[in-house]
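Have a look at work-v4.cif; it's mmCIF, C-alpha atoms:
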data_target
#
loop_
_atom_site.group_PDB
_atom_site.id
_atom_site.type_symbol
_atom_site.label_atom_id
_atom_site.label_comp_id
_atom_site.auth_asym_id
_atom_site.auth_seq_id
_atom_site.Cartn_x
_atom_site.Cartn_y
_atom_site.Cartn_z
ATOM 1 C CA MET A 465 30.856 -8.386 -9.899
ATOM 2 C CA ILE A 466 27.490 -9.906 -9.054
ATOM 3 C CA TYR A 467 24.457 -7.830 -9.969
ATOM 4 C CA VAL A 468 20.786 -7.838 -9.000
ATOM 5 C CA LYS A 469 18.682 -8.151 -12.150
ATOM 6 C CA THR A 470 15.225 -7.974 -10.600
ATOM 7 C CA ALA A 471 13.420 -8.132 -7.266
ATOM 8 C CA SER A 472 9.953 -9.308 -6.233
ATOM 9 C CA SER A 473 8.359 -9.354 -2.783
ATOM 10 C CA ILE A 474 4.984 -10.235 -1.330
ATOM 11 C CA SER A 475 4.757 -8.703 2.111
ATOM 12 C CA HIS A 476 2.733 -6.554 4.478
ATOM 13 C CA GLN A 477 3.786 -3.596 2.315
ATOM 14 C CA ASN A 478 2.413 -2.747 -1.111
ATOM 15 C CA SER A 479 5.513 -4.310 -2.633
ATOM 16 C CA PHE A 480 4.432 -6.681 -5.420
ATOM 17 C CA GLN A 481 5.012 -5.541 -9.006
ATOM 18 C CA LYS A 482 6.360 -2.204 -7.836
ATOM 19 C CA GLU A 483 9.130 -0.412 -9.699
ATOM 20 C CA SER A 484 10.425 0.831 -6.346
ATOM 21 C CA ILE A 485 9.127 0.042 -2.882
ATOM 22 C CA TRP A 486 11.418 2.588 -1.209
ATOM 23 C CA GLU A 487 9.131 5.572 -1.659
ATOM 24 C CA ASP A 488 5.981 3.765 -0.497
ATOM 25 C CA LEU A 489 7.125 2.163 2.759
ATOM 26 C CA HIS A 490 5.020 2.624 5.890
ATOM 27 C CA VAL A 491 5.438 1.465 9.469
ATOM 28 C CA LEU A 492 3.257 -1.577 10.097
ATOM 29 C CA LYS A 493 0.173 -1.347 12.274
ATOM 30 C CA ALA A 494 -0.970 -4.048 14.678
ATOM 31 C CA ASP A 495 -3.721 -5.212 12.303
ATOM 32 C CA SER A 496 -1.479 -5.329 9.229
ATOM 33 C CA VAL A 497 -2.024 -8.262 6.855
ATOM 34 C CA VAL A 498 -0.174 -9.585 3.825
ATOM 35 C CA ILE A 499 -1.060 -7.658 0.676
ATOM 36 C CA SER A 500 -1.568 -10.566 -1.700
ATOM 37 C CA PRO A 501 -1.802 -10.418 -5.495
ATOM 38 C CA ASP A 502 -4.418 -12.402 -7.413
ATOM 39 C CA TYR A 503 -2.758 -15.800 -7.193
ATOM 40 C CA LYS A 504 -5.036 -17.216 -9.899
ATOM 41 C CA ASN A 505 -2.903 -15.329 -12.417
ATOM 42 C CA TYR A 506 0.114 -17.412 -11.396
ATOM 43 C CA ILE A 507 -1.099 -20.721 -10.000
ATOM 44 C CA PRO A 508 -3.717 -23.079 -11.513
ATOM 45 C CA ALA A 509 -6.973 -23.146 -9.512
ATOM 46 C CA ALA A 510 -6.700 -26.863 -8.704
ATOM 47 C CA ALA A 511 -3.234 -26.410 -7.223
ATOM 48 C CA LEU A 512 -4.073 -23.119 -5.544
ATOM 49 C CA ARG A 513 -6.652 -24.735 -3.245
ATOM 50 C CA ARG A 514 -4.112 -27.092 -1.685
ATOM 51 C CA LEU A 515 -1.172 -24.708 -1.345
ATOM 52 C CA SER A 516 -0.395 -22.999 1.946
ATOM 53 C CA PRO A 517 0.176 -19.206 2.035
ATOM 54 C CA VAL A 518 3.967 -19.467 2.117
ATOM 55 C CA LEU A 519 3.970 -21.610 -1.032
ATOM 56 C CA ARG A 520 1.625 -19.223 -2.812
ATOM 57 C CA MET A 521 3.803 -16.253 -1.938
ATOM 58 C CA ALA A 522 7.101 -17.884 -2.874
ATOM 59 C CA MET A 523 5.891 -19.420 -6.131
ATOM 60 C CA THR A 524 4.290 -16.170 -7.269
ATOM 61 C CA ALA A 525 7.284 -13.980 -6.398
ATOM 62 C CA ALA A 526 9.602 -16.454 -8.149
ATOM 63 C CA GLN A 527 7.431 -16.536 -11.264
ATOM 64 C CA GLU A 528 7.387 -12.738 -11.358
ATOM 65 C CA CYS A 529 11.207 -12.832 -11.345
ATOM 66 C CA GLN A 530 11.102 -15.343 -14.194
ATOM 67 C CA LYS A 531 8.858 -13.037 -16.231
ATOM 68 C CA ALA A 532 11.256 -10.142 -15.681
ATOM 69 C CA VAL A 533 14.395 -11.899 -16.959
ATOM 70 C CA GLU A 534 12.648 -14.067 -19.586
ATOM 71 C CA VAL A 535 15.286 -16.814 -19.435
ATOM 72 C CA GLU A 536 15.523 -20.056 -17.502
ATOM 73 C CA PHE A 537 17.315 -20.009 -14.177
ATOM 74 C CA ASP A 538 20.675 -21.770 -13.957
ATOM 75 C CA ALA A 539 20.207 -22.331 -10.209
ATOM 76 C CA ILE A 540 17.650 -21.809 -7.444
ATOM 77 C CA SER A 541 18.684 -21.069 -3.852
ATOM 78 C CA VAL A 542 15.954 -20.694 -1.224
ATOM 79 C CA GLY A 543 16.175 -19.779 2.449
ATOM 80 C CA THR A 544 13.470 -20.536 4.991
ATOM 81 C CA ALA A 545 13.737 -20.733 8.749
ATOM 82 C CA LEU A 546 10.492 -22.465 9.684
ATOM 83 C CA GLY A 547 9.287 -23.773 6.322
ATOM 84 C CA CYS A 548 5.639 -24.519 5.622
ATOM 85 C CA LEU A 549 4.188 -23.960 9.092
ATOM 86 C CA LYS A 550 0.515 -24.289 8.180
ATOM 87 C CA ASP A 551 1.131 -27.663 6.552
ATOM 88 C CA THR A 552 3.277 -28.754 9.502
ATOM 89 C CA GLU A 553 0.486 -27.813 11.885
ATOM 90 C CA LYS A 554 -2.069 -29.619 9.712
ATOM 91 C CA PHE A 555 0.042 -32.768 9.603
ATOM 92 C CA LEU A 556 0.563 -32.832 13.369
ATOM 93 C CA GLN A 557 -3.129 -32.272 14.073
ATOM 94 C CA THR A 558 -4.014 -35.091 11.689
ATOM 95 C CA PHE A 559 -1.397 -37.324 13.276
ATOM 96 C CA ILE A 560 -2.802 -36.703 16.765
ATOM 97 C CA SER A 561 -6.438 -37.183 15.829
ATOM 98 C CA ALA A 562 -6.049 -40.139 13.472
ATOM 99 C CA ALA A 563 -5.083 -42.617 16.247
ATOM 100 C CA SER A 564 -4.363 -45.919 14.517
ATOM 101 C CA GLU A 565 -5.864 -44.945 11.179
ATOM 102 C CA THR A 566 -3.758 -44.804 8.046
ATOM 103 C CA LEU A 567 -2.467 -41.292 7.407
ATOM 104 C CA SER A 568 -2.302 -39.537 4.049
ATOM 105 C CA PRO A 569 1.311 -38.520 3.344
ATOM 106 C CA THR A 570 0.290 -35.311 1.550
ATOM 107 C CA ALA A 571 0.374 -32.977 4.565
ATOM 108 C CA PHE A 572 3.712 -34.389 5.687
ATOM 109 C CA ILE A 573 5.256 -34.032 2.216
ATOM 110 C CA GLN A 574 4.089 -30.421 1.970
ATOM 111 C CA SER A 575 5.315 -29.623 5.484
ATOM 112 C CA THR A 576 9.004 -30.081 4.733
ATOM 113 C CA HIS A 577 11.251 -27.047 4.340
ATOM 114 C CA ASN A 578 12.422 -27.908 0.816
ATOM 115 C CA THR A 579 8.839 -27.985 -0.465
ATOM 116 C CA ILE A 580 9.194 -24.268 -1.249
ATOM 117 C CA GLY A 581 12.141 -24.722 -3.598
ATOM 118 C CA GLY A 582 10.598 -27.882 -5.035
ATOM 119 C CA GLN A 583 7.287 -26.205 -5.834
ATOM 120 C CA ILE A 584 9.078 -23.281 -7.470
ATOM 121 C CA SER A 585 11.021 -25.718 -9.621
ATOM 122 C CA LEU A 586 7.839 -27.590 -10.609
ATOM 123 C CA ALA A 587 5.961 -24.375 -11.399
ATOM 124 C CA LEU A 588 8.778 -23.136 -13.635
ATOM 125 C CA GLY A 589 9.603 -26.517 -15.147
ATOM 126 C CA ASN A 590 13.164 -25.947 -14.000
ATOM 127 C CA HIS A 591 15.583 -28.878 -13.594
ATOM 128 C CA ALA A 592 18.674 -26.911 -12.588
ATOM 129 C CA TYR A 593 20.520 -26.892 -9.248
ATOM 130 C CA ASN A 594 17.994 -26.394 -6.444
ATOM 131 C CA MET A 595 18.968 -25.960 -2.806
ATOM 132 C CA THR A 596 17.113 -25.059 0.389
ATOM 133 C CA HIS A 597 18.947 -23.483 3.321
ATOM 134 C CA THR A 598 17.531 -23.544 6.838
ATOM 135 C CA GLN A 599 19.697 -21.707 9.339
ATOM 136 C CA ASN A 600 17.195 -19.858 11.533
ATOM 137 C CA SER A 601 17.489 -16.078 11.136
ATOM 138 C CA LEU A 602 20.461 -16.442 8.759
ATOM 139 C CA SER A 603 18.655 -18.640 6.240
ATOM 140 C CA PHE A 604 18.464 -15.906 3.596
ATOM 141 C CA GLU A 605 22.100 -14.904 4.002
ATOM 142 C CA VAL A 606 23.246 -18.510 3.566
ATOM 143 C CA ALA A 607 21.042 -18.858 0.474
ATOM 144 C CA LEU A 608 22.519 -15.588 -0.836
ATOM 145 C CA ILE A 609 26.096 -16.794 -0.318
ATOM 146 C CA ASP A 610 25.219 -20.006 -2.174
ATOM 147 C CA ALA A 611 23.719 -17.966 -5.042
ATOM 148 C CA MET A 612 26.812 -15.754 -5.202
ATOM 149 C CA MET A 613 29.014 -18.852 -5.392
ATOM 150 C CA CYS A 614 26.860 -20.114 -8.275
ATOM 151 C CA CYS A 615 27.416 -16.817 -10.104
ATOM 152 C CA ARG A 616 31.167 -17.036 -9.560
ATOM 153 C CA GLU A 617 31.078 -20.534 -11.048
ATOM 154 C CA GLY A 618 29.693 -19.053 -14.255
ATOM 155 C CA LYS A 619 25.933 -19.347 -13.833
ATOM 156 C CA LYS A 620 24.268 -16.339 -15.447
ATOM 157 C CA ASN A 621 20.764 -16.280 -13.951
ATOM 158 C CA VAL A 622 20.415 -17.430 -10.358
ATOM 159 C CA LEU A 623 17.147 -17.171 -8.432
ATOM 160 C CA VAL A 624 17.646 -16.505 -4.743
ATOM 161 C CA GLY A 625 15.144 -15.637 -2.051
ATOM 162 C CA ALA A 626 13.504 -16.525 1.199
ATOM 163 C CA ALA A 627 10.029 -17.090 2.582
ATOM 164 C CA ASP A 628 8.406 -17.725 5.953
ATOM 165 C CA GLU A 629 4.858 -17.579 7.265
ATOM 166 C CA ALA A 630 3.159 -16.797 10.553
ATOM 167 C CA ILE A 631 0.566 -18.990 12.283
ATOM 168 C CA ASP A 632 -1.365 -18.405 15.500
ATOM 169 C CA PHE A 633 0.666 -21.058 17.330
ATOM 170 C CA LEU A 634 3.735 -18.795 17.269
ATOM 171 C CA GLU A 635 2.092 -16.583 19.894
ATOM 172 C CA LEU A 636 2.519 -19.435 22.376
ATOM 173 C CA LEU A 637 6.272 -19.320 21.770
ATOM 174 C CA ARG A 638 6.655 -15.569 22.128
ATOM 175 C CA ASN A 639 9.457 -14.606 24.536
ATOM 176 C CA GLU A 640 10.070 -18.277 25.331
ATOM 177 C CA LEU A 641 11.578 -19.699 22.157
ATOM 178 C CA ILE A 642 11.047 -16.601 20.002
ATOM 179 C CA LYS A 643 12.353 -13.416 21.575
ATOM 180 C CA THR A 644 10.362 -10.551 20.107
ATOM 181 C CA ASP A 645 7.619 -8.111 20.955
ATOM 182 C CA ARG A 646 6.828 -7.413 17.309
ATOM 183 C CA GLN A 647 3.914 -8.598 15.235
ATOM 184 C CA PHE A 648 4.450 -12.022 13.638
ATOM 185 C CA THR A 649 4.237 -11.630 9.875
ATOM 186 C CA SER A 650 4.646 -13.558 6.630
ATOM 187 C CA GLY A 651 6.666 -12.682 3.577
ATOM 188 C CA ALA A 652 8.504 -13.862 0.482
ATOM 189 C CA SER A 653 11.246 -11.959 -1.345
ATOM 190 C CA PHE A 654 13.069 -13.244 -4.429
ATOM 191 C CA PHE A 655 15.795 -11.865 -6.661
ATOM 192 C CA VAL A 656 17.748 -12.802 -9.756
ATOM 193 C CA LEU A 657 21.530 -12.490 -9.623
ATOM 194 C CA GLY A 658 23.945 -12.555 -12.517
ATOM 195 C CA SER A 659 27.090 -11.065 -14.031
ATOM 196 C CA GLU A 660 25.298 -8.758 -16.469
ATOM 197 C CA PRO A 661 25.718 -5.174 -15.163
ATOM 198 C CA THR A 662 22.697 -3.477 -13.603
ATOM 199 C CA LYS A 663 22.324 -0.507 -11.251
ATOM 200 C CA VAL A 664 22.832 -2.525 -8.049
ATOM 201 C CA SER A 665 25.454 -5.108 -7.154
ATOM 202 C CA VAL A 666 25.920 -7.463 -4.205
ATOM 203 C CA ALA A 667 29.405 -6.611 -3.014
ATOM 204 C CA ASP A 668 29.662 -8.981 -0.069
ATOM 205 C CA CYS A 669 27.749 -11.144 2.389
ATOM 206 C CA SER A 670 29.087 -12.549 5.637
ATOM 207 C CA ILE A 671 27.594 -14.693 8.401
ATOM 208 C CA THR A 672 28.662 -15.438 11.966
ATOM 209 C CA PHE A 673 26.976 -18.043 14.140
ATOM 210 C CA ASN A 674 28.861 -17.109 17.291
ATOM 211 C CA SER A 675 28.970 -13.321 17.144
ATOM 212 C CA ILE A 676 30.739 -11.864 20.203
ATOM 213 C CA ASP A 677 31.409 -8.193 19.453
ATOM 214 C CA LEU A 678 28.985 -6.861 16.840
ATOM 215 C CA SER A 679 30.628 -3.445 16.570
ATOM 216 C CA LYS A 680 34.067 -4.892 15.842
ATOM 217 C CA GLU A 681 32.632 -7.417 13.387
ATOM 218 C CA VAL A 682 30.795 -4.675 11.469
ATOM 219 C CA ASP A 683 33.960 -2.549 11.350
ATOM 220 C CA SER A 684 35.973 -5.524 10.139
ATOM 221 C CA PHE A 685 33.415 -6.254 7.416
ATOM 222 C CA LEU A 686 33.513 -2.641 6.222
ATOM 223 C CA SER A 687 37.299 -2.549 6.330
ATOM 224 C CA LYS A 688 37.471 -5.690 4.208
ATOM 225 C CA ASN A 689 35.422 -3.812 1.610
ATOM 226 C CA ASP A 690 37.538 -0.625 1.893
ATOM 227 C CA LEU A 691 34.733 1.341 3.546
ATOM 228 C CA ASN A 692 34.134 3.163 6.800
ATOM 229 C CA HIS A 693 30.965 4.308 8.586
ATOM 230 C CA SER A 694 30.733 7.597 6.699
ATOM 231 C CA ASP A 695 30.692 5.753 3.343
ATOM 232 C CA ILE A 696 27.440 3.959 4.169
ATOM 233 C CA ASP A 697 24.400 5.854 2.908
ATOM 234 C CA LEU A 698 21.808 3.628 4.609
ATOM 235 C CA VAL A 699 21.963 0.937 7.273
ATOM 236 C CA LEU A 700 19.049 -1.476 7.508
ATOM 237 C CA HIS A 701 19.186 -3.330 10.811
ATOM 238 C CA ALA A 702 17.255 -5.674 13.089
ATOM 239 C CA GLY A 703 17.932 -6.958 16.584
ATOM 240 C CA ILE A 704 20.101 -4.002 17.593
ATOM 241 C CA GLU A 705 19.890 -0.255 18.090
ATOM 242 C CA LEU A 706 22.331 1.919 16.153
ATOM 243 C CA ASP A 707 23.633 5.446 16.547
ATOM 244 C CA SER A 708 27.016 5.166 14.855
ATOM 245 C CA PHE A 709 25.782 5.640 11.268
ATOM 246 C CA LYS A 710 24.404 8.780 9.674
ATOM 247 C CA ASN A 711 21.255 7.130 8.284
ATOM 248 C CA SER A 712 19.762 3.941 9.696
ATOM 249 C CA MET A 713 16.374 2.279 10.004
ATOM 250 C CA ASN A 714 15.077 -0.865 11.645
ATOM 251 C CA TYR A 715 13.667 -2.926 8.808
ATOM 252 C CA GLU A 716 11.378 -4.868 11.161
ATOM 253 C CA ASP A 717 9.322 -1.667 11.445
ATOM 254 C CA TYR A 718 8.334 -2.378 7.845
ATOM 255 C CA SER A 719 8.508 -6.168 7.601
ATOM 256 C CA GLY A 720 7.267 -7.210 11.033
ATOM 257 C CA PHE A 721 8.880 -10.284 12.567
ATOM 258 C CA HIS A 722 9.701 -13.389 10.607
ATOM 259 C CA TYR A 723 13.063 -15.063 10.269
ATOM 260 C CA SER A 724 13.362 -14.296 6.548
ATOM 261 C CA SER A 725 12.767 -10.565 6.903
ATOM 262 C CA SER A 726 16.373 -9.729 5.973
ATOM 263 C CA ALA A 727 15.389 -10.747 2.431
ATOM 264 C CA PHE A 728 12.820 -7.946 2.472
ATOM 265 C CA ALA A 729 15.540 -5.611 3.787
ATOM 266 C CA PHE A 730 17.590 -6.647 0.748
ATOM 267 C CA HIS A 731 14.676 -5.530 -1.457
ATOM 268 C CA ILE A 732 14.440 -2.208 0.416
ATOM 269 C CA GLY A 733 18.173 -1.618 0.010
ATOM 270 C CA HIS A 734 18.079 -2.544 -3.667
ATOM 271 C CA ASP A 735 15.271 -0.085 -4.426
ATOM 272 C CA PHE A 736 16.883 2.615 -2.272
ATOM 273 C CA LEU A 737 20.018 2.517 -4.410
ATOM 274 C CA LYS A 738 17.924 2.598 -7.585
ATOM 275 C CA SER A 739 15.831 5.543 -6.395
ATOM 276 C CA VAL A 740 18.229 7.995 -4.731
ATOM 277 C CA ASN A 741 21.710 9.399 -5.157
ATOM 278 C CA ALA A 742 23.537 6.902 -2.949
ATOM 279 C CA ASN A 743 26.279 4.304 -3.296
ATOM 280 C CA ASN A 744 26.322 1.885 -0.353
ATOM 281 C CA VAL A 745 23.718 0.057 1.733
ATOM 282 C CA LEU A 746 24.627 -2.141 4.689
ATOM 283 C CA ILE A 747 22.163 -4.708 6.044
ATOM 284 C CA ILE A 748 22.824 -5.861 9.612
ATOM 285 C CA ASN A 749 20.785 -8.875 10.662
ATOM 286 C CA ALA A 750 21.220 -9.466 14.401
ATOM 287 C CA GLN A 751 17.706 -10.808 14.872
ATOM 288 C CA MET A 752 18.871 -13.726 17.032
ATOM 289 C CA ASN A 753 21.513 -13.659 19.754
ATOM 290 C CA GLU A 754 25.000 -14.559 18.548
ATOM 291 C CA LYS A 755 23.831 -14.877 14.933
ATOM 292 C CA LEU A 756 24.971 -12.053 12.668
ATOM 293 C CA GLY A 757 24.411 -11.532 8.966
ATOM 294 C CA LEU A 758 26.068 -8.659 7.088
ATOM 295 C CA THR A 759 25.223 -7.801 3.487
ATOM 296 C CA LEU A 760 26.672 -4.965 1.418
ATOM 297 C CA LEU A 761 24.861 -3.589 -1.626
ATOM 298 C CA LYS A 762 26.558 -1.094 -3.938
ATOM 299 C CA LYS A 763 25.449 1.085 -6.817
#
Show the structure stored in the file as structure tokens.
Amino acid sequence: MIYVKTASSISHQNSFQKESIWEDLHVLKADSVVISPDYKNYIPAAALRRLSPVLRMAMTAAQECQKAVEVEFDAISVGTALGCLKDTEKFLQTFISAASETLSPTAFIQSTHNTIGGQISLALGNHAYNMTHTQNSLSFEVALIDAMMCCREGKKNVLVGAADEAIDFLELLRNELIKTDRQFTSGASFFVLGSEPTKVSVADCSITFNSIDLSKEVDSFLSKNDLNHSDIDLVLHAGIELDSFKNSMNYEDYSGFHYSSSAFAFHIGHDFLKSVNANNVLIINAQMNEKLGLTLLKK
């Protein structure tokens, strides 16, 4: 079995350094902003000034996980759909305005998707396996599958998570490239997986890039895990409407819209199982057409 040792999220909820976020969730308002910790407690001032919000969030959440387990990670697996958007925007603006002048490579280096995993590794002084996964709305699920494989290979403390950030430019893409009417948000959620028993385990995770019949695929996933609809105590979903389960909630009501929000749903499900008398949580990520992520958490 693969267990969740600790969880840490920075989000639009009051989620950082909370024993359980389940009991304090609230539906986001239009003017909701990220509730940020004091980053100076985690990142040196000189570095803090040059780091974009997504890097601050991810590095801080990862370091909080490190503090909780007090041992070095054997592997780091990070998911991000759009990477460091603010640095990408900064690089492109500099590129356009610089004409024939020589460009500093700093903004470009910090704009790449694997900067998040790299900065976490540097902050922790960690030289273990480090991988970034970028598969649109399924980036977290792919990172989670990678982390689970690492655990099955014998690694005892694996950091896995996802982070994405919102910038104003995304509004120009709304309903053209990005199909949503929800508020664009930022967030970072990280977890430590291992074989040491805890209250919550990751039973299974499955991804489909060409989903055709969601209902049948969900039923097949449950059947593979010897479960049916009535066995699921909570369904956390996005991109679909559900009426076939006894207890379901759209996690985008609490995370807003960003492509890594299923990682925050994972945190919600984890704390739900810790807080109430329940056994099974199913996360259904259908945020993008034809892309389906299914994750099963068990007590």
Problem set entry | Resolved residues for the PyMOL selection byres ((chain A and resi 478) around 10) as a ChimeraX atom specification | /A:473-477,479-482,485,488-490,498-501
Take the PyMOL selection byres ((chain A and resi 717) around 9), apply it to the structure above, and return the hits as a short mmCIF file (atom, residue, chain, number, x, y, z; two decimals) with C-alpha atoms, in the coordinates of the input.
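Just written: out_9.cif:
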data_model
loop_
_atom_site.label_atom_id
_atom_site.label_comp_id
_atom_site.auth_asym_id
_atom_site.auth_seq_id
_atom_site.Cartn_x
_atom_site.Cartn_y
_atom_site.Cartn_z
CA HIS A 490 5.02 2.62 5.89
CA VAL A 491 5.44 1.46 9.47
CA LEU A 492 3.26 -1.58 10.10
CA ARG A 646 6.83 -7.41 17.31
CA MET A 713 16.37 2.28 10.00
CA ASN A 714 15.08 -0.86 11.64
CA TYR A 715 13.67 -2.93 8.81
CA GLU A 716 11.38 -4.87 11.16
CA TYR A 718 8.33 -2.38 7.84
CA SER A 719 8.51 -6.17 7.60
CA GLY A 720 7.27 -7.21 11.03
CA PHE A 721 8.88 -10.28 12.57
#
Problem set entry | Among listed residues A:Gly757, A:Gly703, A:Gly581, A:Gly547, nearest Asp645 (chain A) (using only C-alpha atoms) |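 Comparing A:Gly757, A:Gly703, A:Gly581, A:Gly547 against Asp645 (chain A), the winner is A:Gly703.
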Residues near Glu534 (chain A), cut-off 12 Å, only C-alpha atoms, skip fewer than 6 positions along chain, as a PDB file with C-alpha atoms, in the frame of the given file:
ATOM      1  CA  LYS A 469      18.682  -8.151 -12.150  1.00  0.00           C
ATOM      2  CA  THR A 470      15.225  -7.974 -10.600  1.00  0.00           C
ATOM      3  CA  GLN A 527       7.431 -16.536 -11.264  1.00  0.00           C
ATOM      4  CA  GLU A 528       7.387 -12.738 -11.358  1.00  0.00           C
ATOM      5  CA  LEU A 588       8.778 -23.136 -13.635  1.00  0.00           C
ATOM      6  CA  ASN A 621      20.764 -16.280 -13.951  1.00  0.00           C
ATOM      7  CA  VAL A 656      17.748 -12.802  -9.756  1.00  0.00           C
TER       8      VAL A 656
END
Problem set entry | Selection result of the PyMOL selection byres ((chain A and resi 679-692) around 10) on this file, as a ChimeraX atom specification | /A:667-670,672,675-678,693-696,706,708-709,744,746,748,756-760
Exercise. In Å, how far is it from CA of Ser739 (chain A) to CA of Leu698 (chain A)?
Worked result: 12.7 Å
Problem set entry | Exercise: Thr598 (chain A) partners within 9 Å, only C-alpha atoms, chain neighbours under 2 positions left out, as JSON, numbers by chain | {"A": [542, 543, 544, 545, 546, 547, 577, 596, 600, 601, 602, 603, 604, 606, 607]}
Problem set entry | CA of Ala471 (chain A) to CA of Ser585 (chain A), distance in Å rounded to a single decimal |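 CA of Ser585 (chain A) lies 17.9 Å from CA of Ala471 (chain A).
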For this session: Skip Thr552 (chain A) itself and residues of its chain fewer than 2 positions away, then list as an MDAnalysis selection string all residues within 9 Å of it, counting all atoms listed in the file.
Result: chainID A and resid 547:550 554:557 571:572 574:576
Compile a residue-level contact table for region 708-736 of chain A against region 626-639 of chain A at a cut-off of 12 Å, reporting for every qualifying residue the shortest atom pair and its distance in Å to one decimal, with all atoms listed in the file counted, rows ordered by chain and ascending number, as a tab-separated table.
residue	atom	partner	partner_atom	distance
A:Ser719	CA	A:Asp628	CA	11.7
A:Gly720	CA	A:Ala630	CA	10.4
A:Phe721	CA	A:Ala630	CA	8.9
A:His722	CA	A:Asp628	CA	6.5
A:Tyr723	CA	A:Asp628	CA	6.9
A:Ser724	CA	A:Ala626	CA	5.8
A:Ser725	CA	A:Ala626	CA	8.3
A:Ser726	CA	A:Ala626	CA	8.8
A:Ala727	CA	A:Ala626	CA	6.2
A:Phe728	CA	A:Ala626	CA	8.7
A:Ala729	CA	A:Ala626	CA	11.4
A:Phe730	CA	A:Ala626	CA	10.7
A:His731	CA	A:Ala626	CA	11.4
Can you write just those residues out, C-alpha atoms, as a tab-separated table (two decimals), in the coordinates of the input?
chain	number	residue	atom	x	y	z
A	719	SER	CA	8.51	-6.17	7.60
A	720	GLY	CA	7.27	-7.21	11.03
A	721	PHE	CA	8.88	-10.28	12.57
A	722	HIS	CA	9.70	-13.39	10.61
A	723	TYR	CA	13.06	-15.06	10.27
A	724	SER	CA	13.36	-14.30	6.55
A	725	SER	CA	12.77	-10.56	6.90
A	726	SER	CA	16.37	-9.73	5.97
A	727	ALA	CA	15.39	-10.75	2.43
A	728	PHE	CA	12.82	-7.95	2.47
A	729	ALA	CA	15.54	-5.61	3.79
A	730	PHE	CA	17.59	-6.65	0.75
A	731	HIS	CA	14.68	-5.53	-1.46
For this session: Compile the contact shell of Ala592 (chain A) as a list in words: residues with an atom at most 10 Å away, counting all atoms listed in the file, same-chain residues fewer than 5 positions apart removed.
Result: Glu536, Phe537, Asp538, Ala539, Ile540, Ser585 and Val622 of chain A
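Comparing the minimum interatomic distances between Lys763 (chain A) and each of A:Asp735, A:Asp610, A:Glu705, A:Glu617, counting all atoms listed in the file, we find that A:Asp735 sits nearest.
Shortest atom-to-atom contact with Phe654 (chain A) among A:Val468, A:Val624, A:Ala702, A:Met523: A:Val624, counting all atoms listed in the file.
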For this session: Grab the CA of His597 (chain A) to CA of Ser541 (chain A) distance for me, in Å with one decimal place.
Result: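 Going from CA of His597 (chain A) over to CA of Ser541 (chain A), I get 7.6 Å.
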